[in-house]
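Colleague: First the structure, then my questions, so here it is.
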Amino acid sequence: MDGLDWKSESDFEIGGYTIRLSYVHGGSEAKSSGNEFALMKGKKFLQHYTSLDRMKCRKVLELGVYQGGSFVFLDQLLQPEKISAVELSTTPISALDEYVSKHSSRAKLHYGTSQDDTDRLLEIVREDFGGELDLVVDDASHFYEQTKTSFKTLFPLLRPGGTYIIEDWNWAFQDVFQSPDNDWFSVPSPANLMIDLLEDMTRNGMISGIEVYRQLWKIHRSEFKADGVFLSQGRRGRTIGVL
Ligand SMILES: C[S@@+](CC[C@H](N)C(=O)[O-])C[C@H]1O[C@@H](n2cnc3c(N)ncnc32)[C@H](O)[C@@H]1O
């Protein structure tokens, strides 16, 4: 189905690296080491990446690396000209640092960088990619406001035909987060961003289409040039509900 070289239920090999799926509710403790990388994704996510057109993903930016499994997977799968990632944590992941230094002509990692640090994101896109991107993968905070800020900043920098992926948009609808006892009970769902996207799609034209899957959204960039995306202008048409 995904064309990957599976060695067991959880492990596949790509480019001489082993990627081990470690998708645990509430966060995984798995660590990467040597040529083995932990990937915090379920199996069904992978087909959304293996189906991407490699030739259209030359400049790739990832938000949120965890143990680096997705970074190595994307790099080996797409063989981009340039790949960078930002990660809020400042704790180095030695296996990933080794990987990045081995592929330093195209790979870069920015620890201690939040996905909503607009100035830093703009600087990274300018310095690492010459100002233009083909693919953004947001698998970072999964918070509505932060996800929106990254999108507002980065989507206009995608070249026409580029793709912006937002993973794990649906957590707030899951049973566990419906309980008032859950710490995230009052945290706004990132799914609210979909209404912003639809509003922007109506008014702006930079979004040519959106693919919605249970695992992620794929938002496609049109040819249309504008100053930016608007998002959340609060136009009539939005249903008033629980954030
Ligand atoms: C779901 S994990 C990423 C998993 C990884 N992409 C993978 O598939 O293996 C989320 C990561 O985002 C990082 N993160 C959380 N908030 C962030 C933020 N505001 N900016 C950047 N990274 C953030 C976390 O530290 C964590 O490493």
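All residue names refer to the structure tokens as shown: chains lettered A, B, ... in order, residues numbered from 1 in each chain, ligands numbered from 1 in order.
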Do you know which residues are within 10 Å of ligand 1 using only C-alpha atoms and all ligand atoms? Can you write them as a PyMOL selection string?
Modeller: chain A and resi 19-24+26-28+37-42+45-46+62-74+85-91+110-117+137-143+145-147+150+167-168
Colleague: Which of range 91-154 of chain A end up as strand (DSSP E or B) when DSSP is run on this backbone - answer as a VMD selection string?
Modeller: chain A and resid 107 to 111 133 to 138
Colleague: Give the alpha helix (DSSP H) residues of range 161-212 of chain A, as assigned by DSSP on the backbone, as a PyMOL selection string.
Modeller: chain A and resi 192-203
Colleague: Let me make sure I understand: among A:Leu231, A:Leu61, A:Ile93, A:Leu77, which one has the smallest atom-to-atom distance to Met206 in chain A if we use only C-alpha atoms?
Modeller: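 Going through A:Leu231, A:Leu61, A:Ile93, A:Leu77 one by one, the smallest distance to Met206 in chain A is for A:Leu231.
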Colleague: Could you work out how far CA of Lys148 in chain A lies from CA of Glu127 in chain A, giving the answer in Å with one decimal?
Modeller: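 These atoms are spaced 22.6 Å apart.
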Colleague: Which neighbours of range 47-54 of chain A fall inside 10 Å, counting only C-alpha atoms, when residues of the same chain fewer than 6 positions from it are skipped, and could you give them as a list in words?
Modeller: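 So, after excluding close chain neighbours, the residues are Met1, Asp2, Gly3, Leu4, Phe73, Leu74, Leu77, Leu78, Gln79, Pro80, Leu135, Thr163, Ile165, Tyr213, Gln215, Leu216, Trp217 and Lys218 of chain A.
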Colleague: Work out how far CA of Val229 in chain A is from CA of Ala172 in chain A, in Å to one decimal.
Modeller: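 Going from CA of Ala172 in chain A over to CA of Val229 in chain A, I get 24.9 Å.
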Colleague: Counting only C-alpha atoms, which of A:Lys152, A:Arg203, A:Lys59, A:Lys43 gets nearest to Gly228 in chain A?
Modeller: A:Lys152
Colleague: Tell me, as a ChimeraX atom specification, which residues lie within 7 Å of Lys108 in chain A, counting only C-alpha atoms; anything in the same chain fewer than 2 positions away does not count.
Modeller: /A:83-85,100,104,106,110
Colleague: Just to be explicit: take each residue in the selection above, keep N, CA, C and O atoms, and write the result as a PDB file, in the first residue's frame.
Modeller:
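What ended up in out_3.pdb:
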```
ATOM      1  N   ILE A  83      16.454  20.345   3.286  1.00  0.00           N
ATOM      2  CA  ILE A  83      15.455  20.000   4.302  1.00  0.00           C
ATOM      3  C   ILE A  83      15.904  20.624   5.623  1.00  0.00           C
ATOM      4  O   ILE A  83      17.076  20.536   6.002  1.00  0.00           O
ATOM      5  N   SER A  84      14.986  21.291   6.302  1.00  0.00           N
ATOM      6  CA  SER A  84      15.270  21.868   7.616  1.00  0.00           C
ATOM      7  C   SER A  84      14.104  21.552   8.530  1.00  0.00           C
ATOM      8  O   SER A  84      13.004  21.251   8.057  1.00  0.00           O
ATOM      9  N   ALA A  85      14.376  21.655   9.817  1.00  0.00           N
ATOM     10  CA  ALA A  85      13.300  21.445  10.784  1.00  0.00           C
ATOM     11  C   ALA A  85      13.478  22.397  11.953  1.00  0.00           C
ATOM     12  O   ALA A  85      14.608  22.769  12.303  1.00  0.00           O
ATOM     13  N   VAL A 100      22.268  14.776  10.617  1.00  0.00           N
ATOM     14  CA  VAL A 100      22.298  16.105  10.000  1.00  0.00           C
ATOM     15  C   VAL A 100      23.732  16.481   9.608  1.00  0.00           C
ATOM     16  O   VAL A 100      23.969  17.015   8.515  1.00  0.00           O
ATOM     17  N   SER A 104      25.079  17.459   5.801  1.00  0.00           N
ATOM     18  CA  SER A 104      25.031  18.896   6.102  1.00  0.00           C
ATOM     19  C   SER A 104      24.879  19.775   4.855  1.00  0.00           C
ATOM     20  O   SER A 104      24.517  20.934   4.972  1.00  0.00           O
ATOM     21  N   ARG A 106      22.618  19.519   2.771  1.00  0.00           N
ATOM     22  CA  ARG A 106      21.206  19.828   2.519  1.00  0.00           C
ATOM     23  C   ARG A 106      20.338  19.867   3.778  1.00  0.00           C
ATOM     24  O   ARG A 106      19.238  20.398   3.741  1.00  0.00           O
ATOM     25  N   HIS A 110      16.951  23.230  13.709  1.00  0.00           N
ATOM     26  CA  HIS A 110      16.943  24.421  14.569  1.00  0.00           C
ATOM     27  C   HIS A 110      16.224  24.085  15.867  1.00  0.00           C
ATOM     28  O   HIS A 110      14.987  24.115  15.929  1.00  0.00           O
TER      29      HIS A 110
END
```
Colleague: With distances taken over only C-alpha atoms, which residue among A:Thr118, A:Ser8, A:Asn182, A:Asn192 lies nearest Phe151 in chain A?
Modeller: A:Thr118
